[in-house]
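Here is the file model04.txt (compact mmCIF, C-alpha atoms and all ligand atoms).
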# COMPACT_ATOMS: atom_id res chain seq x y z
CA MET A 1 5.44 -9.88 -12.17
CA LYS A 2 7.92 -10.50 -9.37
CA THR A 3 10.82 -8.02 -9.13
CA GLU A 4 13.18 -6.83 -6.38
CA VAL A 5 10.69 -4.05 -5.69
CA THR A 6 7.59 -6.26 -5.37
CA GLU A 7 9.60 -8.39 -2.92
CA LEU A 8 10.90 -5.37 -0.98
CA LEU A 9 7.44 -3.87 -0.57
CA GLY A 10 5.30 -7.01 -0.40
CA ILE A 11 3.10 -6.03 -3.35
CA LYS A 12 1.78 -8.03 -6.31
CA TYR A 13 2.63 -5.73 -9.22
CA PRO A 14 5.62 -3.38 -9.68
CA ILE A 15 3.37 -0.36 -10.06
CA ILE A 16 3.50 2.54 -7.58
CA GLN A 17 1.06 5.44 -7.54
CA GLY A 18 2.73 8.84 -7.19
CA GLY A 19 2.12 10.68 -3.90
CA MET A 20 0.46 13.67 -5.51
CA ALA A 21 -0.42 16.65 -3.27
CA TRP A 22 -4.20 17.24 -2.95
CA VAL A 23 -4.86 14.30 -5.31
CA ALA A 24 -3.49 11.21 -3.59
CA ASP A 25 -5.77 10.86 -0.57
CA TYR A 26 -6.71 7.63 1.20
CA HIS A 27 -9.41 6.75 -1.35
CA LEU A 28 -6.88 6.59 -4.18
CA ALA A 29 -4.07 5.04 -2.14
CA ALA A 30 -6.28 2.28 -0.74
CA ALA A 31 -7.76 1.52 -4.17
CA VAL A 32 -4.31 1.16 -5.76
CA SER A 33 -3.04 -1.05 -2.94
CA GLU A 34 -6.19 -3.20 -3.06
CA ALA A 35 -5.57 -3.66 -6.79
CA GLY A 36 -2.07 -5.04 -6.15
CA GLY A 37 0.06 -1.91 -6.66
CA LEU A 38 1.47 0.40 -4.00
CA GLY A 39 -0.90 3.23 -3.13
CA ILE A 40 0.63 6.35 -1.63
CA ILE A 41 -0.98 9.11 0.42
CA GLY A 42 0.48 12.45 -0.69
CA ALA A 43 1.08 14.73 2.29
CA GLY A 44 1.82 17.70 0.01
CA GLY A 45 1.53 20.87 2.07
CA ALA A 46 -0.97 19.38 4.54
CA PRO A 47 -0.60 19.39 8.35
CA ALA A 48 0.56 16.27 10.20
CA SER A 49 -2.91 15.77 11.74
CA TRP A 50 -4.41 15.39 8.24
CA VAL A 51 -1.79 12.80 7.35
CA GLN A 52 -2.51 10.81 10.50
CA GLU A 53 -6.23 10.77 9.75
CA GLN A 54 -5.62 9.71 6.14
CA ILE A 55 -3.43 6.79 7.25
CA ARG A 56 -6.15 5.61 9.63
CA GLU A 57 -8.85 5.88 6.95
CA ALA A 58 -6.72 3.96 4.43
CA ARG A 59 -6.30 1.14 6.96
CA LYS A 60 -10.10 0.76 7.13
CA LEU A 61 -10.18 0.14 3.37
CA THR A 62 -7.17 -2.11 2.87
CA ASP A 63 -4.93 -4.47 4.81
CA LYS A 64 -2.35 -4.37 2.03
CA PRO A 65 0.80 -2.22 2.25
CA PHE A 66 0.56 1.44 1.31
CA GLY A 67 2.91 4.38 1.66
CA VAL A 68 3.07 8.08 2.48
CA ASN A 69 4.88 10.74 0.44
CA ILE A 70 6.44 13.66 2.30
CA MET A 71 6.96 16.78 0.25
CA LEU A 72 10.01 18.08 2.08
CA MET A 73 9.15 21.76 1.67
CA ASN A 74 6.11 21.15 3.91
CA PRO A 75 6.54 23.26 7.10
CA GLU A 76 5.32 20.27 9.15
CA ALA A 77 7.68 17.76 7.52
CA ASP A 78 9.28 16.93 10.90
CA GLN A 79 5.94 16.09 12.48
CA ILE A 80 4.82 14.08 9.44
CA ALA A 81 8.06 12.08 9.56
CA GLN A 82 7.14 11.24 13.18
CA VAL A 83 3.51 10.34 12.35
CA ILE A 84 4.79 7.82 9.79
CA VAL A 85 6.70 6.01 12.53
CA GLU A 86 3.92 6.24 15.11
CA GLU A 87 1.26 4.93 12.73
CA GLY A 88 3.45 2.05 11.54
CA VAL A 89 3.47 3.04 7.87
CA LYS A 90 5.57 0.54 5.89
CA VAL A 91 6.84 2.72 3.04
CA VAL A 92 7.76 6.38 2.72
CA THR A 93 8.65 8.26 -0.44
CA THR A 94 10.03 11.80 -0.37
CA GLY A 95 10.03 14.65 -2.86
CA ALA A 96 11.42 18.13 -3.44
CA GLY A 97 14.40 17.72 -1.11
CA SER A 98 16.70 15.33 0.73
CA PRO A 99 15.29 13.17 3.57
CA GLU A 100 18.69 12.51 5.16
CA LYS A 101 17.78 13.90 8.57
CA TYR A 102 14.88 11.42 8.98
CA MET A 103 16.69 8.38 7.68
CA LYS A 104 17.98 7.02 11.00
CA MET A 105 14.59 7.30 12.68
CA TRP A 106 12.79 5.59 9.80
CA LYS A 107 15.32 2.79 9.37
CA GLU A 108 15.15 2.02 13.12
CA ALA A 109 11.37 1.78 12.83
CA GLY A 110 11.66 -0.61 9.87
CA VAL A 111 10.14 1.83 7.37
CA ARG A 112 11.19 1.28 3.74
CA VAL A 113 12.55 4.61 2.47
CA ILE A 114 12.33 5.49 -1.22
CA PRO A 115 13.47 9.04 -2.07
CA VAL A 116 12.36 10.52 -5.37
CA ILE A 117 15.40 11.97 -7.14
CA ALA A 118 16.12 13.66 -10.45
CA SER A 119 19.91 13.22 -10.69
CA VAL A 120 22.63 10.58 -10.37
CA ALA A 121 24.42 12.57 -7.64
CA LEU A 122 21.39 12.60 -5.37
CA ALA A 123 20.66 8.90 -6.06
CA LYS A 124 24.19 8.04 -4.86
CA ARG A 125 23.80 10.24 -1.78
CA MET A 126 20.50 8.52 -0.97
CA GLU A 127 22.05 5.06 -1.35
CA ARG A 128 24.90 6.06 1.00
CA CYS A 129 22.51 7.24 3.70
CA GLY A 130 20.48 4.02 3.63
CA ALA A 131 17.66 4.36 1.09
CA ASP A 132 16.05 1.01 0.18
CA ALA A 133 15.36 2.08 -3.43
CA VAL A 134 15.06 5.32 -5.39
CA VAL A 135 12.45 6.67 -7.76
CA ALA A 136 14.32 8.20 -10.73
CA GLU A 137 11.89 10.84 -11.94
CA GLY A 138 12.36 12.34 -15.38
CA THR A 139 11.42 15.84 -16.43
CA GLU A 140 8.35 14.49 -18.28
CA SER A 141 6.61 14.29 -14.89
CA GLY A 142 3.98 16.65 -13.61
CA GLY A 143 4.59 18.98 -10.67
CA HIS A 144 8.04 19.83 -9.30
CA ILE A 145 10.64 18.50 -11.77
CA GLY A 146 14.33 18.09 -12.58
CA GLU A 147 16.07 18.63 -15.93
CA THR A 148 16.86 15.17 -17.28
CA THR A 149 14.47 12.97 -19.25
CA THR A 150 13.39 9.55 -17.98
CA MET A 151 15.06 7.90 -20.99
CA ALA A 152 18.42 9.43 -20.07
CA LEU A 153 18.09 9.47 -16.27
CA VAL A 154 16.98 5.90 -15.51
CA PRO A 155 19.88 3.95 -17.09
CA GLN A 156 22.43 6.38 -15.61
CA VAL A 157 20.95 5.97 -12.13
CA VAL A 158 20.74 2.18 -12.61
CA ASP A 159 24.48 2.09 -13.38
CA ALA A 160 25.36 4.36 -10.46
CA VAL A 161 23.64 2.58 -7.54
CA ASN A 162 23.18 -0.97 -6.25
CA ILE A 163 19.68 -0.45 -4.82
CA PRO A 164 16.62 -1.00 -7.05
CA VAL A 165 15.55 1.88 -9.26
CA ILE A 166 11.91 2.76 -9.92
CA ALA A 167 11.27 4.75 -13.11
CA ALA A 168 8.88 7.72 -13.21
CA GLY A 169 7.99 10.43 -15.70
CA GLY A 170 6.23 9.89 -19.00
CA ILE A 171 4.86 6.45 -18.14
CA ALA A 172 1.13 5.82 -18.45
CA ASP A 173 0.68 2.47 -20.22
CA GLY A 174 2.22 -0.97 -20.70
CA ARG A 175 4.59 0.31 -23.38
CA GLY A 176 6.09 2.76 -20.91
CA ILE A 177 6.36 0.09 -18.22
CA ALA A 178 8.07 -2.37 -20.59
CA ALA A 179 10.43 0.40 -21.70
CA ALA A 180 11.26 1.19 -18.06
CA PHE A 181 12.19 -2.45 -17.46
CA MET A 182 14.43 -2.36 -20.53
CA LEU A 183 16.22 0.67 -19.03
CA GLY A 184 16.93 -1.39 -15.91
CA ALA A 185 14.11 -0.22 -13.63
CA LYS A 186 12.52 -2.78 -11.28
CA ALA A 187 9.18 -0.96 -11.01
CA VAL A 188 7.45 2.19 -12.18
CA GLN A 189 5.75 5.10 -10.46
CA MET A 190 2.85 6.72 -12.32
CA GLY A 191 0.96 9.88 -11.45
CA THR A 192 -1.02 11.44 -14.28
CA HIS A 193 -2.97 8.31 -15.25
CA PHE A 194 -4.08 7.78 -11.64
CA VAL A 195 -5.47 11.32 -11.48
CA VAL A 196 -8.31 10.33 -13.83
CA VAL A 197 -9.32 6.94 -12.39
CA LYS A 198 -12.84 6.55 -10.99
CA GLU A 199 -11.67 6.53 -7.35
CA SER A 200 -9.78 9.83 -7.74
CA ILE A 201 -11.47 12.67 -5.83
CA VAL A 202 -10.10 15.32 -8.19
CA HIS A 203 -12.59 17.86 -9.60
CA GLN A 204 -14.06 16.81 -12.97
CA ASN A 205 -12.74 20.01 -14.62
CA TYR A 206 -9.19 18.93 -13.75
CA LYS A 207 -9.77 15.42 -15.11
CA ASN A 208 -11.24 16.87 -18.31
CA HIS A 209 -8.14 18.99 -18.88
CA ILE A 210 -5.93 15.89 -18.62
CA ILE A 211 -8.18 13.85 -20.90
CA LYS A 212 -8.28 16.66 -23.48
CA ALA A 213 -4.57 17.49 -23.32
CA LYS A 214 -2.34 16.92 -26.33
CA ASP A 215 1.38 16.07 -26.34
CA ILE A 216 2.49 19.71 -26.34
CA ASP A 217 0.00 21.08 -23.83
CA THR A 218 2.16 21.23 -20.68
CA ARG A 219 4.23 24.24 -19.62
CA VAL A 220 6.92 24.67 -16.97
CA THR A 221 6.44 27.59 -14.61
CA GLY A 222 9.09 28.83 -12.21
CA ARG A 223 12.29 27.97 -14.09
CA SER A 224 13.60 31.42 -13.07
CA THR A 225 12.76 30.88 -9.40
CA GLY A 226 14.58 27.55 -9.08
CA HIS A 227 11.28 25.71 -8.54
CA PRO A 228 10.24 24.46 -11.97
CA VAL A 229 6.73 22.99 -11.96
CA ARG A 230 5.06 21.24 -14.91
CA VAL A 231 1.36 22.00 -15.42
CA ILE A 232 -1.19 21.90 -18.23
CA ARG A 233 -1.29 25.26 -20.04
CA ASN A 234 -4.16 27.59 -19.16
CA LYS A 235 -4.87 31.26 -18.48
CA MET A 236 -2.63 31.19 -15.39
CA THR A 237 0.42 29.78 -17.23
CA LYS A 238 0.01 32.31 -20.03
CA GLU A 239 0.09 35.23 -17.59
CA TYR A 240 2.76 33.64 -15.40
CA LEU A 241 5.17 32.90 -18.25
CA LYS A 242 4.72 36.40 -19.68
CA LEU A 243 5.55 37.94 -16.29
CA GLU A 244 8.45 35.53 -15.80
CA GLN A 245 9.90 36.51 -19.17
CA GLU A 246 9.57 40.17 -18.24
CA GLY A 247 11.69 39.50 -15.15
CA ALA A 248 9.02 39.66 -12.46
CA THR A 249 10.11 39.23 -8.84
CA LEU A 250 9.62 36.05 -6.86
CA GLU A 251 6.85 37.72 -4.86
CA GLU A 252 4.94 38.75 -7.99
CA LEU A 253 5.21 35.26 -9.43
CA GLU A 254 4.24 33.51 -6.22
CA ARG A 255 0.95 35.41 -6.17
CA PHE A 256 -0.03 33.34 -9.21
CA THR A 257 0.80 29.90 -7.90
CA LEU A 258 0.05 30.24 -4.20
CA GLY A 259 -2.69 27.74 -3.45
CA GLY A 260 -2.99 27.10 -7.17
CA LEU A 261 -3.07 23.33 -6.97
CA ARG A 262 -5.87 23.37 -4.40
CA LYS A 263 -7.79 25.81 -6.58
CA ALA A 264 -7.64 23.44 -9.55
CA VAL A 265 -8.04 20.09 -7.76
CA VAL A 266 -10.65 21.02 -5.16
CA GLU A 267 -12.53 24.00 -6.62
CA GLY A 268 -12.16 23.00 -10.28
CA ASP A 269 -10.86 26.48 -11.14
CA THR A 270 -8.85 25.38 -14.16
CA ASP A 271 -8.40 28.96 -15.46
CA ASN A 272 -6.54 30.33 -12.45
CA GLY A 273 -5.32 27.14 -10.77
CA SER A 274 -2.25 24.93 -11.34
CA ILE A 275 -3.24 21.82 -13.31
CA MET A 276 -0.17 19.71 -12.52
CA ALA A 277 0.23 16.82 -14.97
CA GLY A 278 2.95 15.08 -16.94
CA GLN A 279 3.75 15.22 -20.64
CA ILE A 280 2.07 11.84 -21.10
CA ALA A 281 -1.35 13.43 -20.37
CA GLY A 282 -2.02 13.33 -24.13
CA LEU A 283 -2.14 9.55 -23.96
CA VAL A 284 -4.57 9.35 -21.06
CA LYS A 285 -7.97 9.05 -22.68
CA GLU A 286 -10.10 6.50 -20.91
CA GLU A 287 -11.44 6.34 -17.43
CA TYR A 288 -10.89 3.13 -15.53
CA THR A 289 -11.21 2.09 -11.92
CA CYS A 290 -7.82 1.53 -10.28
CA LYS A 291 -8.29 -2.22 -10.57
CA GLU A 292 -9.17 -2.03 -14.27
CA LEU A 293 -6.25 0.28 -14.98
CA ILE A 294 -3.71 -1.87 -13.17
CA GLU A 295 -4.99 -5.09 -14.75
CA HIS A 296 -4.84 -3.45 -18.16
CA LEU A 297 -1.29 -2.19 -17.55
CA VAL A 298 -0.11 -5.59 -16.37
CA ALA A 299 -1.67 -7.44 -19.34
CA GLN A 300 -0.17 -4.99 -21.83
CA THR A 301 3.28 -5.15 -20.20
CA GLU A 302 3.27 -8.96 -20.05
CA GLU A 303 2.31 -9.19 -23.71
CA LEU A 304 5.14 -6.86 -24.72
CA MET A 305 7.73 -8.59 -22.56
CA LYS A 306 6.94 -12.17 -23.59
CA GLY A 307 10.12 -13.89 -24.66
CA THR A 308 12.43 -11.30 -23.13
CA LYS A 309 15.02 -12.34 -20.56
CA LEU A 310 13.74 -9.74 -18.14
CA TYR A 311 10.35 -11.36 -17.72
CA GLU A 312 10.07 -14.49 -15.64
O1 LIG B 401 8.27 16.33 -5.48
C1 LIG B 401 8.00 16.04 -6.61
N1 LIG B 401 6.95 16.58 -7.27
C2 LIG B 401 6.09 17.50 -6.76
S1 LIG B 401 6.13 18.12 -5.18
C3 LIG B 401 4.82 19.08 -5.50
S2 LIG B 401 4.15 20.17 -4.33
C4 LIG B 401 4.67 21.65 -4.93
N2 LIG B 401 3.74 22.55 -5.18
C5 LIG B 401 4.08 23.74 -5.65
C6 LIG B 401 5.40 24.06 -5.89
C7 LIG B 401 6.36 23.15 -5.67
C8 LIG B 401 6.00 21.90 -5.17
C9 LIG B 401 4.40 18.89 -6.77
N3 LIG B 401 5.12 17.99 -7.43
N4 LIG B 401 8.72 15.13 -7.29
C10 LIG B 401 9.85 14.51 -6.71
C11 LIG B 401 11.07 15.24 -7.03
N5 LIG B 401 11.91 15.65 -6.15
N6 LIG B 401 11.48 15.60 -8.25
C12 LIG B 401 12.66 16.26 -8.09
C13 LIG B 401 12.93 16.26 -6.76
C14 LIG B 401 14.03 16.83 -6.06
C15 LIG B 401 14.50 18.09 -6.38
C16 LIG B 401 15.54 18.65 -5.67
C17 LIG B 401 14.61 16.13 -5.02
C18 LIG B 401 15.65 16.69 -4.31
C19 LIG B 401 16.12 17.94 -4.65
O2 LIG B 401 17.17 18.53 -4.00
C20 LIG B 401 17.65 17.90 -2.85
C21 LIG B 401 18.86 18.60 -2.28
O3 LIG B 401 18.78 18.90 -1.08
O4 LIG B 401 19.80 18.78 -3.02
Would you mind writing the file's structure down as structure tokens?
Amino acid sequence: MKTEVTELLGIKYPIIQGGMAWVADYHLAAAVSEAGGLGIIGAGGAPASWVQEQIREARKLTDKPFGVNIMLMNPEADQIAQVIVEEGVKVVTTGAGSPEKYMKMWKEAGVRVIPVIASVALAKRMERCGADAVVAEGTESGGHIGETTTMALVPQVVDAVNIPVIAAGGIADGRGIAAAFMLGAKAVQMGTHFVVVKESIVHQNYKNHIIKAKDIDTRVTGRSTGHPVRVIRNKMTKEYLKLEQEGATLEELERFTLGGLRKAVVEGDTDNGSIMAGQIAGLVKEEYTCKELIEHLVAQTEELMKGTKLYE
């Protein structure tokens, strides 16, 4: 399954694992890369020293390329950007902001830079400042999201830029991957399905919520604060959304979500924590290893794309 993105990144399959905070540690990233995709270590809100250690641990498990995701609201983003260069990481993805100020440093170090964006305007800005590709992430995604759906966003971004576009949001099987190719994407990024693979260190309670979720079970918290975040509905979202509707202040609302992802992922507190997941959670039913999942995805995609011009 050779595409511009597999060539750019030196990977076998055009499947990238999302750099999910607290979830995407070196175990997951190395397993995905070993299986032929691109594994990504999610820096989330972690300190730079943690990121450095994770990179070194991943290297012990795989000699294949892997990446690091910087969540740009991280207070140590500057130091993490530096660690990526020092440790010789080949690929960086960014989220929740614009990575413009790091671009020169990364390009000089030969790092492939792939910003995650949720609009055409930002995709164009990223292309202008030297991005190698963009991930166009639809609002179906888990976590911090934009407004536009994957179906509408991907073809508009594809038409607006000359760099390869990677589709994300609402993709968890071969049907979604084939659909992404039809929209003009050259690869996909998936998060939710990778949360439940065998190598994922996420608490079993969290995995169970994803496996049990139905199509309509996600909620978006924080629309009023300007930081919309998609999570699986639970006791916390019920209380949060009620308060939000009543016009609670930012401080009152933040009390609910502060440390919420850690609570759910690490402690398994799925009543009070933030169970970030995408709308496709309802389709994620089985538990595979990374290798099994990726092989399954590739077989399903190839079957669907037989006879199309897009598949060589
Ligand atoms: O970043 C994500 N998804 C995330 S980050 C995250 S950690 C977090 N935890 C609690 C609250 C908030 C975040 C969980 N999930 N996806 C990539 C993404 N980035 N989607 C949309 C964007 C984005 C949004 C605004 C990128 C840039 C932007 O504005 C840039 C600018 O400066 O105009």
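CA of Ala264 in chain A is positioned 28.6 Å from CA of Gly174 in chain A.
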Do you know which residues are at most 7 Å from Ile117 in chain A counting only C-alpha atoms, after dropping those on the same chain fewer than 4 positions away, and could you put them as number ranges by chain?
A: 122-123, 134-137
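When all atoms listed in the file are used to compute distances to ligand LIG 401 (chain B), the closest of the residues A:Lys104, A:Arg59, A:Arg223, A:Lys309 turns out to be A:Arg223.
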Which residues form the shell of 6 Å around ligand LIG 401 (chain B) when you count all atoms listed in the file, given as a count of residues only?
14
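Minimum atom-to-atom distance to Ile55 in chain A, evaluated using all atoms listed in the file, belongs to A:Ala29 out of A:Asn74, A:Met182, A:Gln79, A:Ala29.
You can rank A:Met20, A:Val284, A:Leu261, A:Ala133 by their closest distance to Lys214 in chain A using all atoms listed in the file, and at the top of that list sits A:Val284.
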Report as a ChimeraX atom specification all protein, DNA and RNA residues lying within 9 Å of Pro14 in chain A, evaluated on only C-alpha atoms, omitting residues in the same chain fewer than 3 positions from it.
/A:1-6,11,36-38,166,186-189
Computed interatomic separation between CA of Glu267 in chain A and CA of Tyr206 in chain A (Å)
9.4 Å
Need the shell around Ser200 in chain A: protein/DNA/RNA residues with any atom at most 7 Å away, counting all atoms listed in the file. Skip same-chain ones fewer than 4 positions apart. Format as a ChimeraX atom specification?
/A:28,195-196
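Restricting the calculation to all atoms listed in the file, the smallest distance between Gly142 in chain A and any of A:Ser33, A:Gln300, A:Thr249, A:Ser274 is found for A:Ser274.
Across the model, the gap from CA of Val165 in chain A to CA of Gly67 in chain A is 16.9 Å.
Of the residues under consideration (A:Leu61, A:Met190, A:Ala277, A:Val89), A:Met190 shows the shortest atom-to-atom contact distance to Ile16 in chain A when counting all atoms listed in the file.
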Excluding Tyr288 in chain A and its own-chain neighbours fewer than 6 positions away, which residues fall within 9 Å of it when counting only C-alpha atoms? Please give them as JSON, numbers by chain.
{"A": [196, 197, 198, 199]}
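Minimum distance to Lys90 in chain A across A:Leu9, A:Trp22, A:Met73, A:Gln156 (counting only C-alpha atoms) occurs at A:Leu9.
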Leaving out range 231-245 of chain A and any residue of its chain fewer than 3 positions from it, which residues lie within 12 Å of it when counting only C-alpha atoms, given as an MDAnalysis selection string?
chainID A and resid 139:145 192 206:225 228 248:258 260:261 263:264 269:282
